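Asks: Below is the file start_9.txt, which contains compact mmCIF, C-alpha atoms.
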```
# COMPACT_ATOMS: atom_id res chain seq x y z
CA MET A 1 -2.03 27.19 12.78
CA LYS A 2 -1.09 25.82 9.36
CA LYS A 3 -3.84 24.07 7.40
CA ILE A 4 -3.21 21.27 4.93
CA LEU A 5 -5.78 19.97 2.45
CA PHE A 6 -5.22 16.32 1.51
CA VAL A 7 -6.84 15.19 -1.75
CA LEU A 8 -7.09 11.39 -1.57
CA ASP A 9 -9.19 9.12 -3.77
CA TYR A 10 -9.81 6.84 -0.77
CA TYR A 11 -9.57 7.35 2.96
CA LEU A 12 -10.57 5.39 6.04
CA PRO A 13 -12.61 3.34 6.74
CA HIS A 14 -11.57 2.09 3.27
CA LYS A 15 -8.84 -0.51 3.77
CA TRP A 16 -5.96 -0.63 1.36
CA GLY A 17 -2.67 0.48 2.86
CA VAL A 18 -2.21 4.04 1.66
CA GLU A 19 -5.07 5.11 3.96
CA ASN A 20 -3.13 3.92 7.00
CA VAL A 21 -0.03 5.76 5.81
CA PHE A 22 -1.93 9.05 5.72
CA GLU A 23 -3.77 8.38 8.98
CA ASN A 24 -0.44 8.18 10.77
CA ILE A 25 0.79 11.33 9.04
CA PHE A 26 -2.34 13.12 10.28
CA LEU A 27 -1.92 11.92 13.86
CA ARG A 28 1.60 13.32 14.01
CA LEU A 29 0.81 16.59 12.23
CA GLU A 30 -2.05 17.26 14.64
CA LYS A 31 0.35 17.04 17.56
CA LYS A 32 2.34 19.79 15.84
CA TRP A 33 -0.81 21.95 15.68
CA TYR A 34 -1.62 21.46 12.01
CA LYS A 35 -5.23 21.57 10.87
CA ILE A 36 -6.06 18.62 8.59
CA VAL A 37 -8.81 18.67 5.95
CA VAL A 38 -9.44 15.67 3.67
CA LEU A 39 -11.26 15.68 0.33
CA THR A 40 -12.03 12.10 -0.70
CA SER A 41 -14.53 9.92 -2.56
CA HIS A 42 -17.93 8.98 -1.15
CA TYR A 43 -17.38 5.32 -2.09
CA ASP A 44 -19.88 4.00 0.49
CA LYS A 45 -23.36 5.55 0.86
CA LYS A 46 -23.38 4.58 4.55
CA LEU A 47 -20.62 7.10 5.22
CA LYS A 48 -21.43 10.74 5.91
CA LYS A 49 -20.62 13.35 3.28
CA TYR A 50 -19.00 15.44 6.00
CA GLU A 51 -17.66 14.49 9.41
CA ASN A 52 -14.98 15.43 11.87
CA VAL A 53 -13.08 12.33 13.02
CA ASN A 54 -10.30 12.72 15.57
CA TRP A 55 -9.97 16.41 14.63
CA VAL A 56 -9.68 15.59 10.91
CA GLU A 57 -12.34 17.23 8.74
CA ILE A 58 -13.46 14.82 6.02
CA TYR A 59 -15.43 15.88 2.93
CA ARG A 60 -16.69 13.02 0.74
CA THR A 61 -18.03 13.53 -2.76
CA TRP A 62 -18.92 11.32 -5.72
CA LYS A 63 -18.88 7.56 -5.46
CA SER A 64 -15.84 6.29 -7.32
CA ARG A 65 -12.24 7.14 -8.13
CA LEU A 66 -13.14 8.12 -11.68
CA SER A 67 -16.03 10.40 -10.76
CA PHE A 68 -14.00 11.81 -7.86
CA MET A 69 -11.71 13.45 -10.42
CA CYS A 70 -14.74 15.44 -11.61
CA SER A 71 -15.82 16.62 -8.14
CA ALA A 72 -17.89 19.81 -8.12
CA ILE A 73 -15.83 23.00 -7.95
CA LYS A 74 -18.47 24.33 -5.59
CA LEU A 75 -17.38 21.86 -2.93
CA TRP A 76 -13.71 22.71 -3.43
CA LYS A 77 -14.49 26.41 -2.98
CA GLN A 78 -16.41 25.63 0.18
CA ILE A 79 -13.47 23.70 1.63
CA LEU A 80 -10.86 26.31 0.73
CA ARG A 81 -12.89 29.35 1.79
CA ASN A 82 -13.99 27.84 5.09
CA ASN A 83 -10.56 26.57 6.04
CA ASN A 84 -8.06 29.02 4.51
CA ILE A 85 -5.81 26.19 3.27
CA ASP A 86 -2.04 26.82 3.17
CA VAL A 87 -0.84 23.73 1.25
CA ILE A 88 -2.55 21.09 -0.91
CA HIS A 89 -1.14 17.58 -0.58
CA ALA A 90 -2.36 15.02 -3.13
CA SER A 91 -1.69 11.32 -3.65
CA THR A 92 -1.31 9.33 -6.86
CA TYR A 93 -3.19 8.54 -8.85
CA TRP A 94 -6.75 9.77 -8.74
CA GLY A 95 -6.26 12.66 -6.35
CA ALA A 96 -3.66 14.35 -8.53
CA ILE A 97 -6.01 15.89 -11.12
CA PRO A 98 -8.54 17.51 -8.73
CA ALA A 99 -5.62 18.77 -6.63
CA SER A 100 -4.05 20.30 -9.74
CA ILE A 101 -7.31 22.06 -10.62
CA LEU A 102 -7.45 23.43 -7.08
CA TRP A 103 -3.88 24.69 -7.48
CA LYS A 104 -4.76 26.36 -10.80
CA THR A 105 -7.89 27.95 -9.35
CA PHE A 106 -6.64 29.12 -5.96
CA ASN A 107 -2.84 29.34 -6.43
CA LYS A 108 -1.90 27.13 -3.49
CA ARG A 109 1.39 25.29 -2.98
CA LEU A 110 1.08 21.71 -4.20
CA VAL A 111 2.76 18.47 -3.00
CA LEU A 112 2.22 15.11 -4.71
CA THR A 113 3.02 11.86 -2.92
CA VAL A 114 4.09 9.36 -5.59
CA HIS A 115 3.38 5.85 -4.33
CA GLU A 116 4.18 4.10 -7.59
CA VAL A 117 5.14 4.66 -11.22
CA PHE A 118 4.19 1.91 -13.64
CA GLY A 119 5.34 3.44 -16.91
CA ASN A 120 5.48 0.65 -19.52
CA LEU A 121 4.37 -1.87 -16.88
CA TRP A 122 0.81 -0.73 -17.62
CA PHE A 123 0.99 -2.87 -20.77
CA LYS A 124 1.90 -5.87 -18.60
CA TYR A 125 -0.98 -5.43 -16.17
CA LYS A 126 -3.68 -4.28 -18.61
CA TRP A 127 -4.75 -5.34 -22.08
CA LEU A 128 -3.31 -3.19 -24.90
CA ILE A 129 -5.87 -0.37 -25.20
CA ALA A 130 -6.44 -0.11 -21.44
CA GLY A 131 -2.68 -0.13 -20.89
CA ALA A 132 -2.28 2.75 -23.36
CA ILE A 133 -5.03 4.74 -21.59
CA TYR A 134 -3.50 4.25 -18.15
CA ARG A 135 -0.04 5.08 -19.52
CA LEU A 136 -1.41 8.34 -20.96
CA PHE A 137 -3.23 9.08 -17.70
CA GLU A 138 0.02 8.67 -15.75
CA TRP A 139 1.84 10.93 -18.22
CA ILE A 140 -0.81 13.64 -17.82
CA ILE A 141 -0.45 13.58 -14.02
CA PHE A 142 3.26 14.28 -14.20
CA ARG A 143 2.71 17.18 -16.61
CA PHE A 144 0.99 19.21 -13.88
CA LYS A 145 3.15 21.74 -12.06
CA PHE A 146 3.52 20.23 -8.60
CA ASP A 147 5.95 22.10 -6.34
CA VAL A 148 7.34 18.85 -4.90
CA PHE A 149 7.13 15.21 -5.92
CA HIS A 150 7.39 13.23 -2.69
CA CYS A 151 8.56 9.73 -3.67
CA VAL A 152 8.26 6.88 -1.16
CA SER A 153 11.51 5.19 -2.26
CA GLN A 154 14.62 5.90 -4.29
CA ASN A 155 13.42 3.43 -6.90
CA THR A 156 10.19 5.43 -7.28
CA ALA A 157 12.20 8.63 -7.69
CA ASN A 158 14.37 6.98 -10.35
CA GLU A 159 11.28 5.88 -12.29
CA VAL A 160 9.78 9.40 -12.10
CA LYS A 161 12.99 10.81 -13.61
CA LYS A 162 13.27 8.02 -16.18
CA TYR A 163 9.74 8.20 -17.59
CA TYR A 164 8.70 11.81 -16.97
CA TRP A 165 11.96 13.82 -16.90
CA ILE A 166 11.21 15.51 -13.56
CA LYS A 167 14.23 17.48 -12.33
CA ASP A 168 16.07 16.40 -9.17
CA GLY A 169 15.25 19.68 -7.46
CA LYS A 170 11.54 18.87 -7.50
CA ILE A 171 11.94 15.32 -6.17
CA LYS A 172 12.18 14.44 -2.48
CA VAL A 173 12.60 10.85 -1.30
CA ILE A 174 10.88 10.21 2.03
CA TYR A 175 10.23 6.59 2.89
CA ASN A 176 6.91 5.55 4.36
CA GLY A 177 7.21 5.04 8.09
CA LEU A 178 6.59 1.64 9.65
CA ASP A 179 4.62 1.21 12.85
CA THR A 180 7.38 -0.67 14.67
CA GLU A 181 5.51 -0.41 17.97
CA PHE A 182 2.61 -2.41 16.51
CA TRP A 183 4.59 -4.71 14.21
CA ASN A 184 6.76 -6.05 16.99
CA PRO A 185 6.96 -9.82 17.66
CA ARG A 186 6.99 -9.14 21.41
CA ASN A 187 3.37 -7.94 21.15
CA VAL A 188 2.16 -11.49 20.47
CA SER A 189 2.91 -14.02 23.20
CA SER A 190 3.88 -17.63 22.56
CA LYS A 191 0.60 -18.60 24.23
CA GLU A 192 -1.40 -16.49 21.75
CA ILE A 193 0.49 -18.04 18.84
CA PHE A 194 -0.16 -21.55 20.18
CA GLU A 195 -3.88 -20.83 20.65
CA TRP A 196 -4.13 -19.24 17.18
CA ARG A 197 -2.49 -22.21 15.48
CA LYS A 198 -4.67 -24.60 17.48
CA LYS A 199 -7.84 -22.67 16.63
CA HIS A 200 -7.07 -22.90 12.90
CA GLN A 201 -5.91 -26.55 13.11
CA ARG A 202 -2.39 -25.86 11.98
CA ASN A 203 -0.75 -28.25 14.43
CA ASP A 204 3.00 -28.50 13.79
CA ASN A 205 2.85 -27.64 10.08
CA PHE A 206 5.25 -25.20 8.46
CA ILE A 207 3.04 -22.20 7.64
CA PHE A 208 3.48 -20.13 4.49
CA LEU A 209 1.41 -16.92 4.46
CA TYR A 210 0.28 -14.48 1.77
CA PHE A 211 -1.50 -11.39 3.12
CA TRP A 212 -2.35 -8.51 0.77
CA HIS A 213 -4.71 -7.75 -2.11
CA ALA A 214 -5.01 -9.74 -5.34
CA GLY A 215 -3.58 -7.24 -7.83
CA LYS A 216 -1.46 -8.55 -10.69
CA SER A 217 1.53 -6.47 -9.54
CA LYS A 218 1.65 -8.52 -6.33
CA GLY A 219 2.60 -11.69 -8.24
CA ILE A 220 -0.23 -13.70 -6.72
CA ASP A 221 -1.04 -15.37 -10.06
CA TYR A 222 2.39 -17.02 -10.11
CA LEU A 223 2.02 -18.08 -6.48
CA ILE A 224 -1.28 -19.78 -7.37
CA GLN A 225 0.44 -21.55 -10.26
CA ALA A 226 3.08 -22.81 -7.81
CA LEU A 227 0.54 -23.94 -5.18
CA PRO A 228 -0.05 -27.54 -6.37
CA GLU A 229 3.66 -28.28 -5.87
CA ILE A 230 3.95 -26.31 -2.62
CA LEU A 231 0.97 -28.14 -1.11
CA LYS A 232 2.66 -31.47 -1.87
CA LEU A 233 5.53 -30.62 0.48
CA GLU A 234 5.49 -32.58 3.73
CA ASN A 235 3.92 -30.93 6.80
CA VAL A 236 3.23 -27.67 4.95
CA MET A 237 0.18 -25.41 5.08
CA MET A 238 -0.49 -22.40 2.83
CA VAL A 239 -2.60 -19.56 4.27
CA PHE A 240 -4.07 -16.63 2.33
CA ASN A 241 -5.62 -13.48 3.75
CA ILE A 242 -6.80 -11.40 0.78
CA ILE A 243 -8.27 -7.94 1.23
CA ASP A 244 -10.96 -6.72 -1.16
CA SER A 245 -9.94 -5.45 -4.59
CA ARG A 246 -11.25 -5.79 -8.14
CA ARG A 247 -9.64 -9.21 -8.62
CA THR A 248 -10.47 -10.66 -5.20
CA LYS A 249 -13.50 -12.67 -6.32
CA LYS A 250 -11.67 -14.17 -9.29
CA VAL A 251 -8.60 -15.12 -7.23
CA LEU A 252 -10.68 -16.62 -4.43
CA GLU A 253 -12.51 -18.79 -6.97
CA GLU A 254 -9.17 -20.04 -8.35
CA LEU A 255 -7.91 -20.87 -4.85
CA LYS A 256 -11.07 -22.74 -3.89
CA LYS A 257 -10.75 -24.96 -6.95
CA LEU A 258 -7.64 -26.52 -5.40
CA ASP A 259 -9.77 -27.96 -2.58
CA ALA A 260 -6.75 -28.96 -0.47
CA ASN A 261 -6.83 -29.76 3.25
CA ASN A 262 -3.61 -27.85 3.85
CA LEU A 263 -4.87 -24.64 2.21
CA GLN A 264 -6.68 -21.97 4.26
CA ILE A 265 -8.28 -18.89 2.76
CA PHE A 266 -9.44 -15.78 4.61
CA ASN A 267 -10.88 -12.51 3.37
CA GLY A 268 -10.06 -9.88 5.96
CA PHE A 269 -9.06 -9.63 9.64
CA SER A 270 -8.96 -6.88 12.22
CA LYS A 271 -5.52 -5.30 12.53
CA LYS A 272 -4.73 -7.12 15.79
CA ASP A 273 -5.87 -10.46 14.42
CA LEU A 274 -3.79 -9.85 11.30
CA ARG A 275 -0.77 -9.39 13.56
CA LYS A 276 -1.54 -12.74 15.21
CA LEU A 277 -1.88 -14.31 11.76
CA VAL A 278 1.58 -13.06 10.78
CA ALA A 279 3.09 -14.01 14.14
CA SER A 280 1.77 -17.58 13.81
CA ALA A 281 3.28 -18.05 10.34
CA ASP A 282 6.78 -19.35 9.64
CA CYS A 283 7.29 -17.60 6.31
CA VAL A 284 5.59 -14.79 4.38
CA ILE A 285 5.50 -15.04 0.59
CA ALA A 286 5.28 -11.69 -1.23
CA PRO A 287 6.32 -12.37 -4.86
CA SER A 288 5.71 -8.84 -6.15
CA ILE A 289 6.41 -8.07 -9.80
CA SER A 290 6.72 -4.38 -8.94
CA GLU A 291 6.72 -2.62 -5.57
CA TRP A 292 7.41 1.00 -4.70
CA PHE A 293 7.81 0.66 -0.93
CA GLY A 294 6.48 -2.68 0.23
CA SER A 295 4.23 -2.40 3.30
CA VAL A 296 3.64 -6.14 3.60
CA HIS A 297 7.34 -6.82 3.10
CA SER A 298 8.43 -4.37 5.82
CA GLU A 299 5.74 -5.59 8.24
CA ALA A 300 6.74 -9.23 7.74
CA VAL A 301 10.43 -8.63 8.42
CA ALA A 302 9.61 -6.37 11.39
CA MET A 303 7.77 -9.37 12.89
CA GLY A 304 10.91 -11.46 12.42
CA LYS A 305 9.44 -13.70 9.73
CA VAL A 306 11.31 -15.31 6.88
CA LEU A 307 10.35 -13.46 3.70
CA ILE A 308 10.24 -14.91 0.20
CA THR A 309 10.18 -11.99 -2.23
CA THR A 310 11.57 -10.66 -5.49
CA LYS A 311 14.71 -8.61 -5.93
CA THR A 312 12.96 -5.91 -7.94
CA SER A 313 11.79 -2.29 -7.69
CA ALA A 314 12.12 -0.85 -4.16
CA ILE A 315 12.06 -4.17 -2.31
CA PRO A 316 15.85 -4.43 -1.76
CA GLU A 317 15.72 -0.91 -0.25
CA VAL A 318 13.31 -1.83 2.54
CA VAL A 319 13.69 -5.50 3.47
CA TYR A 320 16.06 -6.92 6.05
CA GLY A 321 16.39 -9.95 8.30
CA LYS A 322 15.75 -13.45 6.92
CA VAL A 323 15.08 -13.00 3.18
CA LYS A 324 14.97 -15.38 0.23
CA PHE A 325 15.06 -13.49 -3.06
CA ILE A 326 13.48 -14.99 -6.18
CA LYS A 327 13.03 -14.10 -9.82
CA PRO A 328 9.81 -12.12 -10.51
CA ALA A 329 6.91 -13.81 -12.34
CA ASP A 330 8.31 -17.33 -12.12
CA LYS A 331 6.45 -20.16 -10.35
CA GLU A 332 9.50 -22.47 -10.37
CA TRP A 333 11.51 -19.97 -8.36
CA ILE A 334 8.67 -19.74 -5.81
CA ILE A 335 8.56 -23.54 -5.43
CA SER A 336 12.34 -23.76 -5.07
CA ALA A 337 12.39 -20.93 -2.51
CA CYS A 338 9.74 -22.66 -0.38
CA LYS A 339 11.88 -25.81 -0.31
CA ASP A 340 14.97 -23.81 0.67
CA VAL A 341 13.20 -21.91 3.44
CA ILE A 342 11.91 -25.13 5.01
CA GLU A 343 15.57 -26.17 5.22
CA TRP A 344 16.40 -22.73 6.68
CA LYS A 345 18.32 -21.49 3.63
CA PHE A 346 18.09 -17.71 3.13
CA GLU A 347 20.04 -14.47 3.38
CA ASN A 348 20.48 -12.48 6.58
CA ILE A 349 20.29 -8.76 5.79
CA PRO A 350 21.23 -6.07 8.37
CA GLU A 351 18.34 -4.20 9.99
CA LYS A 352 16.88 -1.06 8.42
CA LYS A 353 14.69 1.45 10.22
CA PHE A 354 11.78 3.46 8.84
CA SER A 355 10.50 5.72 11.62
CA ARG A 356 7.10 7.31 11.18
CA ASP A 357 8.17 10.24 13.34
CA ASN A 358 11.20 10.92 11.13
CA SER A 359 9.07 10.53 7.99
CA VAL A 360 6.54 13.13 9.16
CA GLU A 361 9.29 15.53 10.22
CA LYS A 362 10.66 15.42 6.67
CA ILE A 363 7.17 15.91 5.19
CA GLU A 364 6.67 18.91 7.47
CA LYS A 365 9.87 20.43 6.05
CA LEU A 366 8.31 20.18 2.58
CA TYR A 367 5.41 22.31 3.77
```
Render the structure in this file as structure tokens.
Replies:
Amino acid sequence: MKKILFVLDYYLPHKWGVENVFENIFLRLEKKWYKIVVLTSHYDKKLKKYENVNWVEIYRTWKSRLSFMCSAIKLWKQILRNNNIDVIHASTYWGAIPASILWKTFNKRLVLTVHEVFGNLWFKYKWLIAGAIYRLFEWIIFRFKFDVFHCVSQNTANEVKKYYWIKDGKIKVIYNGLDTEFWNPRNVSSKEIFEWRKKHQRNDNFIFLYFWHAGKSKGIDYLIQALPEILKLENVMMVFNIIDSRRTKKVLEELKKLDANNLQIFNGFSKKDLRKLVASADCVIAPSISEWFGSVHSEAVAMGKVLITTKTSAIPEVVYGKVKFIKPADKEWIISACKDVIEWKFENIPEKKFSRDNSVEKIEKLY
């Protein structure tokens, strides 16, 4: 039985997106008789430092991403000695350094999943000194001798080569898989959609939906700037479901200042209720400034929704169906796109498939 140690800054029950990606990798690897061990941060005191959940051994240490990088070598030794690990699989960003120290100490094969590469974008999302620090941090990560850089899109791979001169032979593009069984419009009946819209007093309004976190890279600031004009459109309602992040409180305060009857704001749903939320919307707005796969984008189009998004980064690689592309970081383009979508003006892009089974098969070949 092969044993893989995953070094992840966050893991479930933390909700972000990457956690769900790895959960589904684990489920499929277990069926192939792999032993899974996870080293992650102890971000919530209520969680146990060690537990075995669905045959996945989870070790939690230190309380934040930053301190997680300095996890005690004693714990790493305990994990490796007790489990005889064959391969170490880390994830950007904060898991890369402890995984590299493990590689240096115990001479294990090392895989790094690269979810995103910001490069000079750090100076766009952070103030000058912070941007320089994050840029240096990213550079340091890609100086470590990983055996394989697993990039989640071709755009991500291109950025890795552009900024950090990684050779093609060390880069493998494997797209994140999409749970097409769950994100299927047939899973939500017309009756459920009717009851959901009635429950939230949406009546016959045209529903625009934003569902993700409030990070600057998601373009939510420009959507908020466009909101006063969007909310003036006839029979329109704007709905937000924002998951917790550092900027959530600030963004929620900005949204509440608008105090509009056709604006609804939520802060978290169960996965099934989130599916109902998406199914009951007419259009999803995801105006990302940068995106390295696009989970929200792929989920929205899988549910058959019209998608307003930007033609940047990896987004054109993953989206299909009814799509309205806009210019990044421009509120006027968002307003114009909303008007066009109401009149049913958008592109129709041929279907693309991102199978989780195929994705895990390719990851297994890396091991």
Asks: Could you tell me how far CA of Arg246 in chain A lies from CA of Tyr10 in chain A, in Å and to one decimal?
Replies: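 Between CA of Arg246 in chain A and CA of Tyr10 in chain A the gap is 14.7 Å.
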Asks: Could you produce a table of the residues of range 129-239 of chain A lying within 12 Å of range 78-97 of chain A, with the nearest pair of atoms per residue and their separation in Å rounded to one decimal, using only C-alpha atoms, ordered by chain and increasing residue number, as a tab-separated table?
Replies:
```
residue	atom	partner	partner_atom	distance
A:Tyr134	CA	A:Tyr93	CA	10.2
A:Arg135	CA	A:Tyr93	CA	11.7
A:Phe137	CA	A:Tyr93	CA	8.9
A:Glu138	CA	A:Tyr93	CA	7.6
A:Trp139	CA	A:Tyr93	CA	10.9
A:Ile140	CA	A:Ile97	CA	8.8
A:Ile141	CA	A:Ala96	CA	6.4
A:Phe142	CA	A:Ala96	CA	8.9
A:Arg143	CA	A:Ile97	CA	10.4
A:Phe144	CA	A:Ile97	CA	8.2
A:Lys145	CA	A:Ala96	CA	10.7
A:Phe146	CA	A:Ala96	CA	9.3
A:Asp147	CA	A:Ile88	CA	10.1
A:Val148	CA	A:His89	CA	9.6
A:Phe149	CA	A:Ala90	CA	9.9
A:His150	CA	A:Ser91	CA	9.3
A:Cys151	CA	A:Ser91	CA	10.4
A:Val152	CA	A:Ser91	CA	11.2
```
Asks: Figure out the distance between CA of Cys283 in chain A and CA of Phe206 in chain A, please, to one decimal in Å.
Replies: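 Straight-line distance from CA of Phe206 in chain A to CA of Cys283 in chain A works out to 8.2 Å.
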Asks: Compile the contact shell of Ala314 in chain A as a PyMOL selection string: residues with an atom at most 7 Å away, counting all atoms listed in the file, same-chain residues fewer than 5 positions apart removed.
Replies: chain A and resi 153+155+291-293
Asks: Restricting the output to C-alpha atoms, write the selected residues as a PDB file, keeping the file's coordinate frame.
Replies:
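Result written to out_18.pdb:
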```
ATOM      1  CA  SER A 153      11.510   5.190  -2.260  1.00  0.00           C
ATOM      2  CA  ASN A 155      13.420   3.430  -6.900  1.00  0.00           C
ATOM      3  CA  GLU A 291       6.720  -2.620  -5.570  1.00  0.00           C
ATOM      4  CA  TRP A 292       7.410   1.000  -4.700  1.00  0.00           C
ATOM      5  CA  PHE A 293       7.810   0.660  -0.930  1.00  0.00           C
TER       6      PHE A 293
END
```
Asks: Taking 5 positions as the minimum chain separation for residues in the same chain, which residues sit within 9 Å of Glu332 in chain A when counting only C-alpha atoms? Answer as a PDB file with C-alpha atoms, in the coordinates of the input.
Replies:
```pdb
ATOM      1  CA  TYR A 222       2.390 -17.020 -10.110  1.00  0.00           C
ATOM      2  CA  ALA A 226       3.080 -22.810  -7.810  1.00  0.00           C
ATOM      3  CA  ALA A 337      12.390 -20.930  -2.510  1.00  0.00           C
TER       4      ALA A 337
END
```
Asks: All heavy atoms are what I want for range 195-203 of chain A; can you complete it accordingly and write them as a short mmCIF file (atom, residue, chain, number, x, y, z; two decimals), keeping the file's coordinate frame?
Replies:
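Result saved to result34.cif:
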```cif
data_model
loop_
_atom_site.label_atom_id
_atom_site.label_comp_id
_atom_site.auth_asym_id
_atom_site.auth_seq_id
_atom_site.Cartn_x
_atom_site.Cartn_y
_atom_site.Cartn_z
N GLU A 195 -2.41 -20.78 20.70
CA GLU A 195 -3.88 -20.83 20.65
C GLU A 195 -4.39 -20.52 19.25
O GLU A 195 -5.37 -21.12 18.79
CB GLU A 195 -4.46 -19.83 21.66
CG GLU A 195 -4.26 -20.26 23.11
CD GLU A 195 -4.75 -19.22 24.09
OE1 GLU A 195 -5.02 -18.06 23.66
OE2 GLU A 195 -4.84 -19.54 25.30
N TRP A 196 -3.73 -19.59 18.54
CA TRP A 196 -4.13 -19.24 17.18
C TRP A 196 -3.93 -20.43 16.24
O TRP A 196 -4.79 -20.76 15.43
CB TRP A 196 -3.35 -18.03 16.70
CG TRP A 196 -3.79 -17.51 15.36
CD1 TRP A 196 -3.33 -17.89 14.15
CD2 TRP A 196 -4.81 -16.53 15.11
NE1 TRP A 196 -3.98 -17.20 13.15
CE2 TRP A 196 -4.89 -16.37 13.70
CE3 TRP A 196 -5.64 -15.77 15.92
CZ2 TRP A 196 -5.78 -15.46 13.11
CZ3 TRP A 196 -6.51 -14.88 15.32
CH2 TRP A 196 -6.59 -14.73 13.94
N ARG A 197 -2.77 -21.06 16.34
CA ARG A 197 -2.49 -22.21 15.48
C ARG A 197 -3.44 -23.37 15.79
O ARG A 197 -3.90 -24.08 14.90
CB ARG A 197 -1.03 -22.65 15.66
CG ARG A 197 -0.03 -21.66 15.08
CD ARG A 197 1.40 -22.08 15.36
NE ARG A 197 1.77 -23.22 14.54
CZ ARG A 197 2.55 -23.17 13.47
NH1 ARG A 197 3.07 -22.01 13.07
NH2 ARG A 197 2.86 -24.26 12.79
N LYS A 198 -3.75 -23.54 17.08
CA LYS A 198 -4.67 -24.60 17.48
C LYS A 198 -6.08 -24.32 16.96
O LYS A 198 -6.76 -25.23 16.45
CB LYS A 198 -4.69 -24.73 19.01
CG LYS A 198 -5.56 -25.87 19.52
CD LYS A 198 -5.50 -25.93 21.04
CE LYS A 198 -6.41 -27.05 21.57
NZ LYS A 198 -6.38 -27.10 23.05
N LYS A 199 -6.51 -23.06 17.08
CA LYS A 199 -7.84 -22.67 16.63
C LYS A 199 -8.03 -22.96 15.14
O LYS A 199 -9.10 -23.39 14.71
CB LYS A 199 -8.04 -21.17 16.91
CG LYS A 199 -9.36 -20.60 16.39
CD LYS A 199 -9.44 -19.11 16.67
CE LYS A 199 -10.72 -18.51 16.10
NZ LYS A 199 -10.78 -17.04 16.32
N HIS A 200 -6.98 -22.73 14.35
CA HIS A 200 -7.07 -22.90 12.90
C HIS A 200 -6.48 -24.23 12.44
O HIS A 200 -6.18 -24.40 11.25
CB HIS A 200 -6.39 -21.73 12.20
CG HIS A 200 -7.07 -20.42 12.45
ND1 HIS A 200 -8.29 -20.10 11.89
CD2 HIS A 200 -6.73 -19.36 13.23
CE1 HIS A 200 -8.66 -18.89 12.29
NE2 HIS A 200 -7.73 -18.42 13.10
N GLN A 201 -6.31 -25.16 13.40
CA GLN A 201 -5.91 -26.55 13.11
C GLN A 201 -4.62 -26.63 12.29
O GLN A 201 -4.52 -27.36 11.32
CB GLN A 201 -7.06 -27.26 12.37
CG GLN A 201 -8.35 -27.30 13.17
CD GLN A 201 -9.50 -27.92 12.40
OE1 GLN A 201 -9.50 -27.97 11.17
NE2 GLN A 201 -10.49 -28.41 13.13
N ARG A 202 -3.65 -25.87 12.72
CA ARG A 202 -2.39 -25.86 11.98
C ARG A 202 -1.36 -26.83 12.56
O ARG A 202 -0.34 -27.11 11.94
CB ARG A 202 -1.82 -24.44 11.94
CG ARG A 202 -2.75 -23.56 11.10
CD ARG A 202 -2.30 -22.14 11.06
NE ARG A 202 -3.36 -21.34 10.39
CZ ARG A 202 -3.39 -20.03 10.38
NH1 ARG A 202 -2.47 -19.35 10.99
NH2 ARG A 202 -4.37 -19.40 9.77
N ASN A 203 -1.60 -27.25 13.79
CA ASN A 203 -0.75 -28.25 14.43
C ASN A 203 0.73 -27.86 14.33
O ASN A 203 1.09 -26.74 14.62
CB ASN A 203 -1.01 -29.63 13.81
CG ASN A 203 -2.49 -30.00 13.87
OD1 ASN A 203 -3.13 -29.79 14.90
ND2 ASN A 203 -3.04 -30.53 12.79
#
```
